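J.: Sending over structure36.cif (mmCIF, N, CA and C atoms).
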```
data_query
#
loop_
_atom_site.label_atom_id
_atom_site.label_comp_id
_atom_site.auth_asym_id
_atom_site.auth_seq_id
_atom_site.Cartn_x
_atom_site.Cartn_y
_atom_site.Cartn_z
N MET S 269 -83.48 -167.76 62.90
CA MET S 269 -82.76 -167.93 61.66
C MET S 269 -83.03 -166.71 60.77
N HIS S 270 -82.02 -166.23 60.08
CA HIS S 270 -82.17 -165.07 59.20
C HIS S 270 -82.33 -165.54 57.75
N GLY S 271 -82.82 -164.64 56.88
CA GLY S 271 -83.04 -164.98 55.49
C GLY S 271 -81.95 -164.52 54.55
N ARG S 272 -80.89 -163.91 55.06
CA ARG S 272 -79.83 -163.43 54.17
C ARG S 272 -78.86 -164.55 53.84
N PRO S 273 -78.04 -164.36 52.78
CA PRO S 273 -77.08 -165.39 52.40
C PRO S 273 -76.03 -165.62 53.50
N PRO S 274 -75.37 -166.80 53.48
CA PRO S 274 -74.26 -167.02 54.42
C PRO S 274 -73.20 -165.94 54.24
N ALA S 275 -72.51 -165.64 55.31
CA ALA S 275 -71.55 -164.52 55.26
C ALA S 275 -70.23 -164.87 55.91
N PHE S 276 -69.18 -164.14 55.47
CA PHE S 276 -67.86 -164.20 56.08
C PHE S 276 -67.81 -163.15 57.17
N GLY S 277 -67.11 -163.43 58.26
CA GLY S 277 -66.78 -162.41 59.24
C GLY S 277 -65.48 -161.75 58.80
N ALA S 278 -65.42 -160.43 58.88
CA ALA S 278 -64.23 -159.71 58.43
C ALA S 278 -63.53 -159.04 59.61
N ALA S 279 -62.33 -158.53 59.33
CA ALA S 279 -61.52 -157.89 60.37
C ALA S 279 -62.21 -156.67 60.98
N ASP S 280 -63.14 -156.07 60.27
CA ASP S 280 -63.86 -154.91 60.80
C ASP S 280 -65.05 -155.31 61.67
N GLY S 281 -65.22 -156.61 61.91
CA GLY S 281 -66.31 -157.10 62.75
C GLY S 281 -67.65 -157.20 62.04
N GLN S 282 -67.69 -156.93 60.76
CA GLN S 282 -68.92 -156.97 60.00
C GLN S 282 -69.05 -158.29 59.26
N ALA S 283 -70.28 -158.62 58.84
CA ALA S 283 -70.56 -159.82 58.06
C ALA S 283 -70.70 -159.43 56.59
N TYR S 284 -70.08 -160.21 55.70
CA TYR S 284 -70.12 -159.95 54.26
C TYR S 284 -70.48 -161.23 53.51
N SER S 285 -71.39 -161.12 52.57
CA SER S 285 -71.61 -162.20 51.62
C SER S 285 -70.85 -161.84 50.35
N VAL S 286 -70.67 -162.80 49.46
CA VAL S 286 -69.84 -162.57 48.27
C VAL S 286 -70.58 -163.01 47.02
N ALA S 287 -70.33 -162.28 45.94
CA ALA S 287 -70.82 -162.65 44.61
C ALA S 287 -69.71 -162.32 43.62
N THR S 288 -69.82 -162.87 42.42
CA THR S 288 -68.88 -162.54 41.35
C THR S 288 -69.61 -161.70 40.32
N PHE S 289 -68.84 -160.93 39.54
CA PHE S 289 -69.43 -160.21 38.42
C PHE S 289 -68.38 -160.02 37.33
N ALA S 290 -68.87 -159.83 36.12
CA ALA S 290 -68.01 -159.53 34.97
C ALA S 290 -68.54 -158.29 34.28
N ASP S 291 -67.65 -157.40 33.89
CA ASP S 291 -67.97 -156.14 33.22
C ASP S 291 -67.16 -156.03 31.94
N ASP S 292 -67.68 -155.23 31.01
CA ASP S 292 -66.86 -154.82 29.86
C ASP S 292 -65.74 -153.95 30.40
N THR S 293 -64.57 -154.12 29.89
CA THR S 293 -63.47 -153.22 30.26
C THR S 293 -63.35 -152.16 29.18
N ALA S 294 -62.37 -151.33 29.27
CA ALA S 294 -62.19 -150.24 28.30
C ALA S 294 -61.86 -150.79 26.91
N GLU S 295 -61.32 -152.00 26.85
CA GLU S 295 -60.97 -152.59 25.56
C GLU S 295 -62.17 -153.33 24.99
N VAL S 296 -62.47 -153.10 23.73
CA VAL S 296 -63.59 -153.77 23.08
C VAL S 296 -63.33 -155.28 23.06
N GLY S 297 -64.36 -156.05 23.43
CA GLY S 297 -64.25 -157.50 23.41
C GLY S 297 -63.49 -158.10 24.57
N ARG S 298 -63.23 -157.33 25.60
CA ARG S 298 -62.51 -157.84 26.77
C ARG S 298 -63.38 -157.65 28.00
N TYR S 299 -63.45 -158.65 28.85
CA TYR S 299 -64.24 -158.60 30.08
C TYR S 299 -63.32 -158.78 31.28
N GLY S 300 -63.65 -158.10 32.36
CA GLY S 300 -62.93 -158.26 33.61
C GLY S 300 -63.88 -158.85 34.65
N ALA S 301 -63.37 -159.72 35.51
CA ALA S 301 -64.18 -160.36 36.56
C ALA S 301 -63.61 -160.01 37.93
N ALA S 302 -64.51 -159.85 38.89
CA ALA S 302 -64.12 -159.44 40.24
C ALA S 302 -65.07 -160.04 41.27
N LEU S 303 -64.75 -159.78 42.53
CA LEU S 303 -65.61 -160.18 43.65
C LEU S 303 -66.32 -158.95 44.20
N LEU S 304 -67.57 -159.13 44.56
CA LEU S 304 -68.39 -158.09 45.19
C LEU S 304 -68.78 -158.61 46.57
N PHE S 305 -68.41 -157.87 47.61
CA PHE S 305 -68.75 -158.24 48.98
C PHE S 305 -69.84 -157.31 49.49
N VAL S 306 -70.97 -157.87 49.89
CA VAL S 306 -72.09 -157.09 50.43
C VAL S 306 -71.99 -157.13 51.94
N ARG S 307 -71.94 -155.93 52.56
CA ARG S 307 -71.87 -155.82 54.03
C ARG S 307 -73.29 -155.78 54.58
N TRP S 308 -73.51 -156.61 55.60
CA TRP S 308 -74.84 -156.72 56.21
C TRP S 308 -74.86 -156.01 57.54
N GLY S 309 -75.94 -155.30 57.79
CA GLY S 309 -76.16 -154.64 59.07
C GLY S 309 -76.98 -155.54 59.97
N GLU S 310 -77.56 -154.95 60.97
CA GLU S 310 -78.46 -155.69 61.85
C GLU S 310 -79.68 -156.10 61.03
N GLY S 311 -80.14 -157.31 61.23
CA GLY S 311 -81.29 -157.77 60.45
C GLY S 311 -80.87 -158.28 59.10
N GLU S 312 -81.73 -158.07 58.11
CA GLU S 312 -81.52 -158.66 56.80
C GLU S 312 -81.30 -157.63 55.70
N LYS S 313 -80.85 -156.43 56.04
CA LYS S 313 -80.65 -155.40 55.04
C LYS S 313 -79.17 -155.13 54.81
N PRO S 314 -78.76 -155.06 53.52
CA PRO S 314 -77.37 -154.70 53.25
C PRO S 314 -77.13 -153.22 53.58
N VAL S 315 -75.93 -152.92 54.07
CA VAL S 315 -75.61 -151.54 54.46
C VAL S 315 -74.40 -150.99 53.72
N GLY S 316 -73.85 -151.76 52.80
CA GLY S 316 -72.70 -151.29 52.03
C GLY S 316 -72.09 -152.43 51.25
N HIS S 317 -71.03 -152.10 50.53
CA HIS S 317 -70.35 -153.14 49.77
C HIS S 317 -68.89 -152.75 49.51
N LEU S 318 -68.10 -153.75 49.18
CA LEU S 318 -66.71 -153.59 48.77
C LEU S 318 -66.51 -154.41 47.51
N GLU S 319 -65.58 -154.00 46.65
CA GLU S 319 -65.28 -154.75 45.43
C GLU S 319 -63.77 -154.91 45.30
N THR S 320 -63.36 -156.04 44.74
CA THR S 320 -61.95 -156.19 44.37
C THR S 320 -61.74 -155.48 43.04
N ASP S 321 -60.48 -155.27 42.70
CA ASP S 321 -60.17 -154.89 41.33
C ASP S 321 -60.46 -156.13 40.48
N TYR S 322 -60.39 -155.96 39.16
CA TYR S 322 -60.54 -157.14 38.31
C TYR S 322 -59.45 -158.14 38.65
N LEU S 323 -59.87 -159.39 38.84
CA LEU S 323 -58.95 -160.46 39.20
C LEU S 323 -58.58 -161.33 38.00
N ALA S 324 -59.41 -161.28 36.95
CA ALA S 324 -59.17 -162.09 35.76
C ALA S 324 -59.84 -161.41 34.57
N PHE S 325 -59.36 -161.74 33.38
CA PHE S 325 -59.88 -161.17 32.14
C PHE S 325 -60.15 -162.28 31.14
N GLY S 326 -61.07 -162.02 30.21
CA GLY S 326 -61.35 -162.98 29.16
C GLY S 326 -62.07 -162.33 28.01
N SER S 327 -62.23 -163.08 26.94
CA SER S 327 -62.92 -162.54 25.77
C SER S 327 -64.43 -162.68 25.88
N THR S 328 -64.91 -163.43 26.88
CA THR S 328 -66.34 -163.53 27.18
C THR S 328 -66.50 -163.39 28.70
N PRO S 329 -67.71 -163.06 29.17
CA PRO S 329 -67.91 -163.00 30.62
C PRO S 329 -67.59 -164.34 31.30
N ASP S 330 -68.02 -165.45 30.70
CA ASP S 330 -67.76 -166.76 31.31
C ASP S 330 -66.27 -167.05 31.40
N GLU S 331 -65.52 -166.69 30.36
CA GLU S 331 -64.08 -166.91 30.36
C GLU S 331 -63.41 -166.08 31.46
N ALA S 332 -63.87 -164.86 31.66
CA ALA S 332 -63.30 -164.01 32.71
C ALA S 332 -63.66 -164.53 34.09
N LEU S 333 -64.89 -165.03 34.25
CA LEU S 333 -65.35 -165.48 35.57
C LEU S 333 -64.73 -166.81 36.01
N ALA S 334 -64.35 -167.66 35.08
CA ALA S 334 -63.89 -169.02 35.43
C ALA S 334 -62.80 -169.04 36.49
N PRO S 335 -61.71 -168.26 36.36
CA PRO S 335 -60.69 -168.31 37.41
C PRO S 335 -61.16 -167.72 38.75
N VAL S 336 -62.07 -166.77 38.70
CA VAL S 336 -62.59 -166.18 39.94
C VAL S 336 -63.47 -167.19 40.66
N LEU S 337 -64.28 -167.92 39.90
CA LEU S 337 -65.13 -168.94 40.50
C LEU S 337 -64.32 -170.12 41.04
N ALA S 338 -63.09 -170.28 40.58
CA ALA S 338 -62.23 -171.38 41.04
C ALA S 338 -61.47 -171.03 42.32
N LEU S 339 -61.58 -169.81 42.81
CA LEU S 339 -60.89 -169.42 44.04
C LEU S 339 -61.39 -170.26 45.22
N THR S 340 -60.50 -170.59 46.13
CA THR S 340 -60.91 -171.29 47.35
C THR S 340 -61.55 -170.30 48.31
N LEU S 341 -62.26 -170.80 49.30
CA LEU S 341 -62.84 -169.91 50.30
C LEU S 341 -61.76 -169.13 51.04
N GLU S 342 -60.62 -169.76 51.26
CA GLU S 342 -59.50 -169.08 51.92
C GLU S 342 -59.01 -167.90 51.07
N GLN S 343 -58.92 -168.10 49.77
CA GLN S 343 -58.50 -167.01 48.87
C GLN S 343 -59.54 -165.89 48.82
N VAL S 344 -60.82 -166.26 48.80
CA VAL S 344 -61.89 -165.25 48.80
C VAL S 344 -61.82 -164.43 50.09
N LYS S 345 -61.62 -165.11 51.22
CA LYS S 345 -61.51 -164.41 52.50
C LYS S 345 -60.32 -163.47 52.51
N ALA S 346 -59.20 -163.88 51.91
CA ALA S 346 -58.02 -163.02 51.84
C ALA S 346 -58.33 -161.77 51.01
N HIS S 347 -59.08 -161.92 49.93
CA HIS S 347 -59.48 -160.75 49.13
C HIS S 347 -60.40 -159.83 49.95
N LEU S 348 -61.31 -160.42 50.73
CA LEU S 348 -62.18 -159.61 51.59
C LEU S 348 -61.34 -158.81 52.58
N ASP S 349 -60.40 -159.48 53.24
CA ASP S 349 -59.56 -158.79 54.23
C ASP S 349 -58.77 -157.65 53.58
N GLN S 350 -58.29 -157.85 52.36
CA GLN S 350 -57.57 -156.78 51.65
C GLN S 350 -58.50 -155.60 51.34
N CYS S 351 -59.73 -155.89 50.93
CA CYS S 351 -60.70 -154.83 50.63
C CYS S 351 -61.04 -154.04 51.90
N VAL S 352 -61.22 -154.74 53.02
CA VAL S 352 -61.53 -154.06 54.29
C VAL S 352 -60.37 -153.18 54.70
N ALA S 353 -59.14 -153.69 54.59
CA ALA S 353 -57.96 -152.89 54.97
C ALA S 353 -57.84 -151.66 54.07
N ARG S 354 -58.09 -151.84 52.79
CA ARG S 354 -58.00 -150.71 51.85
C ARG S 354 -59.07 -149.65 52.15
N SER S 355 -60.26 -150.09 52.53
CA SER S 355 -61.35 -149.14 52.81
C SER S 355 -61.12 -148.38 54.12
N ALA S 356 -60.34 -148.97 55.03
CA ALA S 356 -60.07 -148.33 56.31
C ALA S 356 -58.93 -147.32 56.21
N ALA S 357 -58.15 -147.40 55.16
CA ALA S 357 -56.98 -146.53 55.00
C ALA S 357 -57.37 -145.13 54.55
#
```
If you convert what's in this file into structure tokens, what do you get?

T.:
Amino acid sequence: MHGRPPAFGAADGQAYSVATFADDTAEVGRYGAALLFVRWGEGEKPVGHLETDYLAFGSTPDEALAPVLALTLEQVKAHLDQCVARSAA
């Protein structure tokens, strides 16, 4: 058994775990939320990452994160596949 978080298998054959994050955007008082996919190598060490563009915005980090946290696993996997395709191009 490994100690890393559960992961999605992606089209590139790699395993990715997912987290959400919110950042200040260029506009004062506006936050953007996105998905961060950590790519795992052999063993328990991350070897890279991919990020979506901002998927939602809000006036607070929690407000921006709410729609991202409501995504289904199928939707999250679709975002991962899009990130992998974009990184391969």

J.: Write down as a ChimeraX atom specification the residues belonging to chain S that are assigned alpha helix (DSSP H) by DSSP computed on the backbone.

T.: /S:329-337,341-356

J.: Out of S:Ala278, S:Pro329, S:Gly309, S:Leu304, which residue has the shortest atom-to-atom distance to Asp292 of chain S when counting only N, CA and C atoms?

T.: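 Nearest candidate to Asp292 of chain S out of S:Ala278, S:Pro329, S:Gly309, S:Leu304: S:Pro329.
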
J.: Between S:Ser327, S:Thr293, S:Ser355, S:Ser285, which one has atoms that come closest to Trp308 of chain S, using all atoms listed in the file?

T.: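 Looking at the shortest contact to Trp308 of chain S, the residue is S:Ser285.
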
J.: What does the PyMOL selection byres (((chain S and resi 286 and name CA) around 10) and name CA) select in this file, as a list in words?

T.: Pro273, Pro274, Ala275, Phe276, Tyr284, Ser285, Ala287, Thr288, Leu303, Leu304, Phe305, Val306, Arg307, His317, Leu318, Glu319, Val344, Lys345 and Leu348 of chain S

J.: Run DSSP on the backbone and give me the residues of chain S it puts in strand (DSSP E), as a compact mmCIF listing (two decimals) with N, CA and C atoms, keeping the file's coordinate frame.

T.:
```txt
# COMPACT_ATOMS: atom_id res chain seq x y z
N PHE S 276 -69.18 -164.14 55.47
CA PHE S 276 -67.86 -164.20 56.08
C PHE S 276 -67.81 -163.15 57.17
N GLY S 277 -67.11 -163.43 58.26
CA GLY S 277 -66.78 -162.41 59.24
C GLY S 277 -65.48 -161.75 58.80
N ALA S 283 -70.28 -158.62 58.84
CA ALA S 283 -70.56 -159.82 58.06
C ALA S 283 -70.70 -159.43 56.59
N TYR S 284 -70.08 -160.21 55.70
CA TYR S 284 -70.12 -159.95 54.26
C TYR S 284 -70.48 -161.23 53.51
N SER S 285 -71.39 -161.12 52.57
CA SER S 285 -71.61 -162.20 51.62
C SER S 285 -70.85 -161.84 50.35
N VAL S 286 -70.67 -162.80 49.46
CA VAL S 286 -69.84 -162.57 48.27
C VAL S 286 -70.58 -163.01 47.02
N ALA S 287 -70.33 -162.28 45.94
CA ALA S 287 -70.82 -162.65 44.61
C ALA S 287 -69.71 -162.32 43.62
N THR S 288 -69.82 -162.87 42.42
CA THR S 288 -68.88 -162.54 41.35
C THR S 288 -69.61 -161.70 40.32
N PHE S 289 -68.84 -160.93 39.54
CA PHE S 289 -69.43 -160.21 38.42
C PHE S 289 -68.38 -160.02 37.33
N ALA S 290 -68.87 -159.83 36.12
CA ALA S 290 -68.01 -159.53 34.97
C ALA S 290 -68.54 -158.29 34.28
N ASP S 291 -67.65 -157.40 33.89
CA ASP S 291 -67.97 -156.14 33.22
C ASP S 291 -67.16 -156.03 31.94
N ASP S 292 -67.68 -155.23 31.01
CA ASP S 292 -66.86 -154.82 29.86
C ASP S 292 -65.74 -153.95 30.40
N TYR S 299 -63.45 -158.65 28.85
CA TYR S 299 -64.24 -158.60 30.08
C TYR S 299 -63.32 -158.78 31.28
N GLY S 300 -63.65 -158.10 32.36
CA GLY S 300 -62.93 -158.26 33.61
C GLY S 300 -63.88 -158.85 34.65
N ALA S 301 -63.37 -159.72 35.51
CA ALA S 301 -64.18 -160.36 36.56
C ALA S 301 -63.61 -160.01 37.93
N ALA S 302 -64.51 -159.85 38.89
CA ALA S 302 -64.12 -159.44 40.24
C ALA S 302 -65.07 -160.04 41.27
N LEU S 303 -64.75 -159.78 42.53
CA LEU S 303 -65.61 -160.18 43.65
C LEU S 303 -66.32 -158.95 44.20
N LEU S 304 -67.57 -159.13 44.56
CA LEU S 304 -68.39 -158.09 45.19
C LEU S 304 -68.78 -158.61 46.57
N PHE S 305 -68.41 -157.87 47.61
CA PHE S 305 -68.75 -158.24 48.98
C PHE S 305 -69.84 -157.31 49.49
N VAL S 306 -70.97 -157.87 49.89
CA VAL S 306 -72.09 -157.09 50.43
C VAL S 306 -71.99 -157.13 51.94
N ARG S 307 -71.94 -155.93 52.56
CA ARG S 307 -71.87 -155.82 54.03
C ARG S 307 -73.29 -155.78 54.58
N TRP S 308 -73.51 -156.61 55.60
CA TRP S 308 -74.84 -156.72 56.21
C TRP S 308 -74.86 -156.01 57.54
N PRO S 314 -78.76 -155.06 53.52
CA PRO S 314 -77.37 -154.70 53.25
C PRO S 314 -77.13 -153.22 53.58
N VAL S 315 -75.93 -152.92 54.07
CA VAL S 315 -75.61 -151.54 54.46
C VAL S 315 -74.40 -150.99 53.72
N GLY S 316 -73.85 -151.76 52.80
CA GLY S 316 -72.70 -151.29 52.03
C GLY S 316 -72.09 -152.43 51.25
N HIS S 317 -71.03 -152.10 50.53
CA HIS S 317 -70.35 -153.14 49.77
C HIS S 317 -68.89 -152.75 49.51
N LEU S 318 -68.10 -153.75 49.18
CA LEU S 318 -66.71 -153.59 48.77
C LEU S 318 -66.51 -154.41 47.51
N GLU S 319 -65.58 -154.00 46.65
CA GLU S 319 -65.28 -154.75 45.43
C GLU S 319 -63.77 -154.91 45.30
N ALA S 324 -59.41 -161.28 36.95
CA ALA S 324 -59.17 -162.09 35.76
C ALA S 324 -59.84 -161.41 34.57
N PHE S 325 -59.36 -161.74 33.38
CA PHE S 325 -59.88 -161.17 32.14
C PHE S 325 -60.15 -162.28 31.14
N GLY S 326 -61.07 -162.02 30.21
CA GLY S 326 -61.35 -162.98 29.16
C GLY S 326 -62.07 -162.33 28.01
```

J.: Give me, please, the distance in Å between atom CA of Ala302 of chain S and atom CA of Ala332 of chain S, quoted to one decimal.

T.: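 Taking atom CA of Ala302 of chain S and atom CA of Ala332 of chain S, their separation equals 8.8 Å.
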
J.: Residues picked by the PyMOL selection byres ((chain S and resi 301) around 5) here, as a ChimeraX atom specification?

T.: /S:289-290,299-300,302-303,322-325,332

J.: From the set S:Glu312, S:Glu295, S:Glu331, S:Asp280, which residue has the shortest atom-to-atom contact distance to Arg354 of chain S, counting only C-alpha atoms?

T.: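 The closest residue to Arg354 of chain S is S:Asp280.
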
J.: Any idea what the distance is between atom CA of Cys351 of chain S and atom CA of Thr320 of chain S?

T.: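 We find that atom CA of Cys351 of chain S and atom CA of Thr320 of chain S lie 6.5 Å from each other.
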
J.: For atom CA of Ala279 of chain S and atom CA of Val352 of chain S, determine how far apart the two atoms are, in Å to one decimal place.

T.: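 We find that atom CA of Ala279 of chain S and atom CA of Val352 of chain S lie 7.2 Å from each other.
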
J.: Out of S:Ala283, S:Gln350, S:Gly277, S:Arg298, which residue has the shortest atom-to-atom distance to Val315 of chain S when counting only C-alpha atoms?

T.: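 Closest to Val315 of chain S, using only C-alpha atoms: S:Ala283.
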
J.: Take every atom of segment 293-298 of chain S listed in the file, pad by 3 Å on each side, and give me the axis-aligned box centre and edge lengths in Å, one decimal, as lines of an AutoDock Vina configuration file.

T.:
```
center_x = -62.8
center_y = -154.2
center_z = 26.7
size_x = 9.6
size_y = 13.9
size_z = 13.2
```
